[in-house]
Every structure is written in C-alpha cells, then in structure tokens.
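File shown: protein-v5.tsv (TSV, C-alpha atoms).
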chain	number	residue	atom	x	y	z
Z	1066	LEU	CA	-4.71	7.88	15.12
Z	1067	SER	CA	-2.24	10.74	14.82
Z	1068	ASP	CA	1.52	10.56	15.04
Z	1069	ARG	CA	3.64	12.89	17.18
Z	1070	PHE	CA	3.55	15.53	14.42
Z	1071	GLY	CA	-0.26	15.52	14.36
Z	1072	ARG	CA	-0.49	13.77	11.00
Z	1073	GLN	CA	-3.38	11.36	10.56
Z	1074	GLN	CA	-2.31	7.74	10.12
Z	1075	ARG	CA	-4.23	5.73	7.54
Z	1076	THR	CA	-3.20	2.45	9.11
Z	1077	THR	CA	-2.61	1.39	12.70
Z	1078	PHE	CA	0.12	-1.04	13.69
Z	1079	VAL	CA	0.80	-2.45	17.12
Z	1080	ARG	CA	3.83	-3.43	19.13
Z	1081	ASN	CA	4.12	-7.01	20.23
Z	1082	TYR	CA	3.71	-6.98	24.01
Z	1083	PRO	CA	3.79	-10.61	25.20
Z	1084	LYS	CA	2.29	-10.05	28.63
Z	1085	THR	CA	1.74	-12.69	31.27
Z	1086	ALA	CA	0.18	-11.60	34.53
Z	1087	ASN	CA	1.66	-12.84	37.82
Z	1088	THR	CA	0.25	-12.23	41.26
Z	1089	GLY	CA	2.72	-11.99	44.13
Z	1090	SER	CA	1.98	-12.38	47.82
Z	1091	LEU	CA	2.01	-8.64	48.53
Z	1092	ARG	CA	1.24	-6.99	45.21
Z	1093	GLN	CA	0.34	-7.75	41.67
Z	1094	GLN	CA	3.37	-8.03	39.42
Z	1095	GLU	CA	3.21	-7.95	35.67
Z	1096	ASP	CA	5.83	-9.87	33.73
Z	1097	SER	CA	6.45	-9.76	30.00
Z	1098	THR	CA	8.98	-11.32	27.68
Z	1099	GLY	CA	10.77	-10.47	24.48
Z	1100	THR	CA	13.92	-11.31	22.57
Z	1101	GLY	CA	17.41	-9.81	22.63
Z	1102	PHE	CA	20.75	-10.58	21.01
Z	1103	PHE	CA	24.42	-9.98	21.73
Z	1104	VAL	CA	26.07	-7.15	19.80
Z	1105	ALA	CA	29.13	-7.14	22.12
Z	1106	SER	CA	30.33	-9.45	24.86
Z	1107	ASP	CA	28.49	-7.36	27.46
Z	1108	LEU	CA	25.84	-5.69	25.32
Z	1109	ILE	CA	22.40	-6.92	24.25
Z	1110	ALA	CA	20.09	-5.21	21.75
Z	1111	THR	CA	16.30	-5.35	21.88
Z	1112	ASN	CA	13.23	-3.13	21.39
Z	1113	TRP	CA	12.56	-0.21	23.70
Z	1114	HIS	CA	8.92	-1.29	24.14
Z	1115	VAL	CA	10.13	-4.64	25.52
Z	1116	VAL	CA	11.91	-3.03	28.49
Z	1117	LYS	CA	10.01	0.25	28.89
Z	1118	GLU	CA	9.08	1.05	32.51
Z	1119	ALA	CA	10.82	-2.11	33.74
Z	1120	ARG	CA	11.57	-2.55	37.44
Z	1121	ARG	CA	13.88	-5.47	36.69
Z	1122	ILE	CA	15.30	-6.83	33.45
Z	1123	SER	CA	16.70	-10.35	33.17
Z	1124	VAL	CA	18.31	-12.11	30.22
Z	1125	ILE	CA	18.05	-15.87	29.96
Z	1126	GLY	CA	20.18	-18.21	27.90
Z	1127	GLY	CA	19.54	-21.90	28.45
Z	1128	SER	CA	19.18	-22.38	32.21
Z	1129	THR	CA	21.14	-19.23	33.10
Z	1130	GLU	CA	19.43	-16.00	34.16
Z	1131	LEU	CA	21.36	-12.76	34.62
Z	1132	LYS	CA	20.32	-9.25	35.61
Z	1133	ALA	CA	20.64	-6.63	32.88
Z	1134	ASP	CA	20.60	-2.84	33.07
Z	1135	LEU	CA	19.24	-0.40	30.53
Z	1136	LEU	CA	22.20	1.43	29.00
Z	1137	LEU	CA	20.73	3.39	26.08
Z	1138	LYS	CA	17.32	3.85	24.54
Z	1139	ASP	CA	16.07	5.23	21.23
Z	1140	ALA	CA	12.35	5.58	21.83
Z	1141	GLN	CA	11.66	7.07	18.40
Z	1142	ASN	CA	13.09	4.01	16.64
Z	1143	ASP	CA	12.04	1.53	19.35
Z	1144	LEU	CA	15.54	0.34	20.18
Z	1145	ALA	CA	17.35	-0.29	23.47
Z	1146	LEU	CA	20.76	-1.51	24.56
Z	1147	LEU	CA	21.14	-3.54	27.75
Z	1148	ARG	CA	24.38	-4.15	29.62
Z	1149	ILE	CA	25.30	-7.20	31.67
Z	1150	ASP	CA	28.23	-7.50	34.06
Z	1151	PRO	CA	30.91	-9.59	32.26
Z	1152	SER	CA	32.42	-10.65	35.60
Z	1153	LYS	CA	29.22	-12.53	36.40
Z	1154	LEU	CA	29.52	-14.61	33.25
Z	1155	HIS	CA	32.42	-16.64	34.58
Z	1156	GLY	CA	31.35	-20.10	35.61
Z	1157	VAL	CA	27.79	-19.80	34.36
Z	1158	ALA	CA	26.20	-22.01	31.72
Z	1159	SER	CA	28.14	-22.06	28.47
Z	1160	THR	CA	25.03	-20.97	26.56
Z	1161	VAL	CA	25.56	-17.47	27.97
Z	1162	GLU	CA	29.24	-17.38	28.88
Z	1163	ASP	CA	30.38	-18.53	25.44
Z	1164	ALA	CA	27.65	-16.81	23.46
Z	1165	PRO	CA	29.10	-15.20	20.33
Z	1166	CYS	CA	27.70	-11.90	19.15
Z	1167	PHE	CA	26.38	-10.60	15.88
Z	1168	SER	CA	28.14	-8.23	13.54
Z	1169	ILE	CA	25.95	-5.45	12.18
Z	1170	GLY	CA	25.34	-5.41	8.44
Z	1171	ASN	CA	24.66	-2.50	6.13
Z	1172	SER	CA	20.90	-2.01	5.90
Z	1173	ASP	CA	21.38	0.44	3.02
Z	1174	GLU	CA	22.41	-2.49	0.81
Z	1175	VAL	CA	19.20	-4.46	1.43
Z	1176	LYS	CA	16.76	-4.77	-1.47
Z	1177	SER	CA	13.15	-5.87	-1.74
Z	1178	GLY	CA	13.08	-9.61	-2.34
Z	1179	ASP	CA	16.17	-10.39	-0.24
Z	1180	ALA	CA	15.87	-13.52	1.88
Z	1181	VAL	CA	15.94	-12.84	5.62
Z	1182	PHE	CA	15.76	-14.82	8.87
Z	1183	ALA	CA	14.69	-14.03	12.43
Z	1184	ILE	CA	15.55	-15.95	15.59
Z	1185	GLY	CA	13.55	-15.33	18.74
Z	1186	TYR	CA	11.29	-16.49	21.53
Z	1187	PRO	CA	7.67	-16.32	20.31
Z	1188	LEU	CA	4.89	-17.01	22.83
Z	1189	SER	CA	7.28	-17.76	25.69
Z	1190	GLY	CA	5.67	-20.03	28.25
Z	1191	LEU	CA	3.55	-21.70	25.60
Z	1192	LEU	CA	5.99	-22.77	22.90
Z	1193	ALA	CA	9.49	-24.24	23.19
Z	1194	THR	CA	11.98	-22.78	25.65
Z	1195	SER	CA	14.68	-22.80	22.96
Z	1196	PRO	CA	14.79	-20.05	20.30
Z	1197	SER	CA	12.74	-20.51	17.13
Z	1198	ILE	CA	13.75	-19.67	13.57
Z	1199	GLY	CA	11.62	-17.87	10.99
Z	1200	GLN	CA	12.32	-17.30	7.31
Z	1201	GLY	CA	10.88	-14.87	4.79
Z	1202	LEU	CA	11.60	-11.97	2.47
Z	1203	VAL	CA	12.06	-8.24	2.64
Z	1204	SER	CA	8.72	-7.31	1.11
Z	1205	ASN	CA	9.63	-3.65	0.88
Z	1206	VAL	CA	12.48	-1.43	2.04
Z	1207	LEU	CA	9.92	1.12	3.28
Z	1208	GLY	CA	7.29	0.82	5.99
Z	1209	ILE	CA	3.89	2.40	6.65
Z	1210	ASP	CA	3.44	5.68	4.74
Z	1211	ASN	CA	6.85	5.09	3.13
Z	1212	ASP	CA	8.61	5.17	6.50
Z	1213	PRO	CA	12.34	4.90	5.58
Z	1214	ARG	CA	13.36	3.67	9.05
Z	1215	VAL	CA	11.89	0.18	8.73
Z	1216	PHE	CA	11.70	-2.81	6.43
Z	1217	GLN	CA	8.43	-4.56	5.71
Z	1218	ILE	CA	9.08	-8.30	6.10
Z	1219	SER	CA	7.08	-11.45	5.45
Z	1220	ILE	CA	8.46	-13.53	8.34
Z	1221	PRO	CA	5.57	-14.61	10.62
Z	1222	ILE	CA	5.79	-12.72	13.91
Z	1223	GLN	CA	4.24	-13.65	17.26
Z	1224	ALA	CA	4.19	-11.96	20.64
Z	1225	GLY	CA	7.68	-12.44	22.09
Z	1226	ASN	CA	9.47	-11.96	18.75
Z	1227	SER	CA	9.94	-8.27	19.56
Z	1228	GLY	CA	13.68	-7.58	19.59
Z	1229	SER	CA	14.62	-10.53	17.40
Z	1230	PRO	CA	17.57	-9.98	15.07
Z	1231	LEU	CA	16.72	-9.79	11.38
Z	1232	LEU	CA	19.56	-11.56	9.56
Z	1233	ASN	CA	20.69	-11.59	5.97
Z	1234	GLN	CA	22.03	-14.74	4.36
Z	1235	SER	CA	25.54	-14.01	5.64
Z	1236	GLY	CA	24.37	-13.94	9.26
Z	1237	ARG	CA	24.72	-10.18	9.70
Z	1238	VAL	CA	22.05	-8.17	11.50
Z	1239	ILE	CA	20.30	-5.86	9.06
Z	1240	GLY	CA	17.31	-5.06	11.29
Z	1241	VAL	CA	15.49	-5.59	14.59
Z	1242	VAL	CA	11.98	-7.07	14.50
Z	1243	THR	CA	9.62	-4.58	16.12
Z	1244	SER	CA	5.96	-4.62	15.06
Z	1245	THR	CA	3.10	-5.98	13.00
Z	1246	LEU	CA	-0.12	-4.60	11.56
Z	1247	ASN	CA	-3.13	-4.64	13.85
Z	1248	ASN	CA	-5.10	-7.34	12.05
Z	1249	LYS	CA	-8.36	-6.79	13.95
Z	1250	LYS	CA	-8.45	-3.06	13.22
Z	1251	MET	CA	-7.55	-3.65	9.60
Z	1252	LEU	CA	-10.39	-6.15	9.29
Z	1253	ARG	CA	-12.88	-3.75	10.87
Z	1254	THR	CA	-11.85	-0.73	8.83
Z	1255	THR	CA	-11.02	-2.29	5.45
Z	1256	GLY	CA	-12.58	-5.75	5.49
Z	1257	VAL	CA	-9.15	-7.22	4.77
Z	1258	PHE	CA	-7.19	-9.50	7.12
Z	1259	PRO	CA	-3.48	-8.82	6.45
Z	1260	GLN	CA	-1.10	-11.75	6.21
Z	1261	ASN	CA	2.52	-11.50	7.39
Z	1262	VAL	CA	2.77	-7.72	7.14
Z	1263	ASN	CA	5.48	-7.12	9.73
Z	1264	PHE	CA	8.24	-4.60	10.31
Z	1265	ALA	CA	11.86	-4.39	11.44
Z	1266	VAL	CA	13.88	-1.28	12.34
Z	1267	LYS	CA	16.89	-0.94	10.07
Z	1268	SER	CA	20.29	-1.78	11.52
Z	1269	SER	CA	21.78	1.63	10.71
Z	1270	TYR	CA	20.00	3.03	13.78
Z	1271	LEU	CA	21.28	0.21	15.96
Z	1272	LYS	CA	24.82	0.71	14.69
Z	1273	SER	CA	24.67	4.38	15.68
Z	1274	MET	CA	23.63	3.42	19.22
Z	1275	ILE	CA	26.42	0.87	19.58
Z	1276	SER	CA	28.97	3.49	18.49
Z	1277	MET	CA	27.97	5.62	21.50
Z	1278	THR	CA	29.02	2.91	23.96
Z	1279	SER	CA	32.45	1.89	25.22
Z	1280	SER	CA	31.89	-1.74	24.23
Z	1281	SER	CA	33.95	-3.27	21.46
Z	1282	PRO	CA	31.77	-4.25	18.51
Z	1283	CYS	CA	31.66	-7.85	17.40
Z	1284	THR	CA	34.09	-9.24	14.93
Z	1285	GLU	CA	32.69	-10.77	11.78
Z	1286	SER	CA	30.12	-13.46	12.54
Z	1287	ASN	CA	30.89	-16.98	11.47
Z	1288	GLN	CA	29.95	-17.27	7.85
Z	1289	VAL	CA	27.32	-19.85	6.98
Z	1290	LYS	CA	27.48	-21.76	3.75
Z	1291	GLN	CA	25.78	-20.18	0.77
Z	1292	PRO	CA	22.96	-20.37	-0.05
Z	1293	ALA	CA	22.02	-20.50	3.64
Z	1294	THR	CA	19.02	-22.45	4.86
Z	1295	ALA	CA	16.97	-21.79	7.97
Z	1296	ARG	CA	18.63	-24.80	9.57
Z	1297	ASP	CA	22.07	-23.33	8.85
Z	1298	MET	CA	21.08	-20.07	10.52
Z	1299	GLN	CA	19.61	-21.80	13.56
Z	1300	ASP	CA	22.68	-23.97	14.04
Z	1301	ALA	CA	25.10	-21.06	13.63
Z	1302	TYR	CA	23.38	-18.24	15.49
Z	1303	ALA	CA	20.75	-19.45	17.97
Z	1304	SER	CA	23.26	-19.12	20.84
Z	1305	ASN	CA	23.63	-15.39	20.05
Z	1306	VAL	CA	19.99	-14.83	21.06
Z	1307	VAL	CA	18.54	-14.57	24.58
Z	1308	LEU	CA	15.12	-14.44	26.16
Z	1309	ILE	CA	14.39	-11.17	27.93
Z	1310	LYS	CA	12.12	-11.20	30.97
Z	1311	VAL	CA	10.81	-7.93	32.38
Z	1312	SER	CA	9.08	-7.25	35.69
Z	1313	ARG	CA	7.01	-4.09	36.00
What is this file in structure tokens?
Amino acid sequence: LSDRFGRQQRTTFVRNYPKTANTGSLRQQEDSTGTGFFVASDLIATNWHVVKEARRISVIGGSTELKADLLLKDAQNDLALLRIDPSKLHGVASTVEDAPCFSIGNSDEVKSGDAVFAIGYPLSGLLATSPSIGQGLVSNVLGIDNDPRVFQISIPIQAGNSGSPLLNQSGRVIGVVTSTLNNKKMLRTTGVFPQNVNFAVKSSYLKSMISMTSSSPCTESNQVKQPATARDMQDAYASNVVLIKVSR
C-alpha cells in the first residue's frame, strides 16, 4: 500500500471498526460502536474513523443515551471531538451527568517502558456493558516507519477500543488508542503473527484540537495512589469514559 505521499508502506495496519449490521423495516442500517471520553463537561474525544460518515452519533453512559454532534475532526491524526448539549444532562443518570473529565498530559514526557492503561468498550454487544480496563507498556515512542505521531503500546486491543483514552500512572491522557497491526496480512507476508502491536495517537494533537474550542478544559484529574494498579485506574476513571454508537 502507498500513503498519501505515494510512499510504499512496508507494513499494513488497520483501524478497529467494530461493525454490527442491523436491518430496519425500510432500509438496511449499519451500526458501529467505539469508545469516547470526556475532555470537558460538554466535549468528548474519540477517533475520527469511529464517527466518519455518521448519520447519527450517540454517547452512552450507564443506561443514559444522548445525541452528540461532530464538532471538530483531524482526519490525518484520526481524532474527533464531539459536543453534547449540557442542558440535556440535567436529571439524567448520574453516570453521565456527574461524569468527571480527563486532564491532558504531556505526551512529550512519555518514555519507552512507561506503564500505561486504557479504558474502553471492546466487542460491545458481546462482552460486558461496563467499560473494561487494559494495562501494558509504551513499547516505543514511535510508530510504523518511525511515525512520531503515535506510540506503540502493548495493551491488548479489540474492536470497540478505538477512541479509548491512554492513561499514564497519574490518570492523565497521554494518547488515544487508534489502531493495531493487521495480523492476517502480516502472517501472509512475513510468516509472523504479531502480538499486541498496537498504536495510540499522542495527546499533543488532541490538546491542540481542544484549544480550538470554546469549552473549558478539565481541571486536574483526581490523583490515584502511586504506584497505581489497574483496579485503581478503573475505580477512579471508568465514569469518564462513554460508549459511542454510530448509525450510518
């Protein structure tokens, strides 16, 4: 494959598109899901490929479902910001109304070997309806072909994890989970089946997007005890994360 500059790519990686087909009474409707997280009281971050070409976007926290609108997109870095109407939060389930939001960390300070966590909704409709926690390491601060925009991470990623926040041990977002190697193509072309070779867009790009909005950024997230465990992160931050459902 070639990238947009015509350069040949030695390795192919794929986006996680967790698609579930639905057939309506009048037409076929395709639904997909992903993960998003609050970066302001009315602002949710996710991947662009999760909401691309959406007719309707909904965010779900607990039993509450709210309509969201695409506010900004960064297609090159696979990021999107969604806005919800704060007035519609009043009186809804506390899992959404009282959801705290994440502060954005400095991805330039991240080093290979740093412990990281991701919270998201893998395989929605098959696994639990509550968010799941994953733990791993920053395997490298560069991606495919030394791509400086992404981290390579060892956290296991499933369809539906797209848009999950990548957290450091202080609970700050230092990346957004976005993609994984195409294992089948790697096996066919190299004879090797990659294990946990996944990628997250660095938070510096997300921070730039947030600065272009009128929303107030989050205050410092509640600090978890150090050294943080996966259970600490789940207890402290799971309510910051929402399921995104898209109809196309």
Q. How would you write as a VMD selection string the residues that get within 9 Å of (14.1, -0.2, 9.5) in the file's frame, counting all atoms listed in the file?
A. chain Z and resid 1142 1172 1206 to 1208 1212 to 1217 1239 to 1242 1264 to 1270
Q: Identify which of the residues Z:Met1274, Z:Phe1102, Z:Ile1149, Z:Pro1165 lies closest to Glu1130 (chain Z), counting all atoms listed in the file when measuring atom-to-atom distances.
A: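 Of all the options, Z:Ile1149 lies closest to Glu1130 (chain Z).
In this structure, CA of Gly1178 (chain Z) sits 23.8 Å away from CA of Asp1300 (chain Z).
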Q: Record the distance separating CA of Ile1275 (chain Z) and CA of Val1289 (chain Z), expressed in Å with one decimal.
A: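 It comes out at 24.3 Å.
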Q.
Rounded to one decimal, what separation in Å do you get between CA of Leu1231 (chain Z) and CA of Ala1183 (chain Z)?
A.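 Computing it gives 4.8 Å between the two atoms.
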Write out as lines of an AutoDock Vina configuration file an axis-aligned box for region 1106-1109 of chain Z: all of its atoms listed in the file, 8 Å added on each side, centre and edge lengths in Å with one decimal.
center_x = 26.4
center_y = -7.6
center_z = 25.9
size_x = 23.9
size_y = 19.8
size_z = 19.2
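When only C-alpha atoms are used to measure the gap to Leu1232 (chain Z), the shortest distance among Z:Val1175, Z:Cys1283, Z:Val1116, Z:Ala1193 belongs to Z:Val1175.
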Q.
Given only C-alpha atoms as the basis, pick out the residue of Z:Ser1195, Z:Ser1189, Z:Ser1219, Z:Ser1280 nearest to Ser1177 (chain Z).
A.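 Closest residue, counting only C-alpha atoms: Z:Ser1219.
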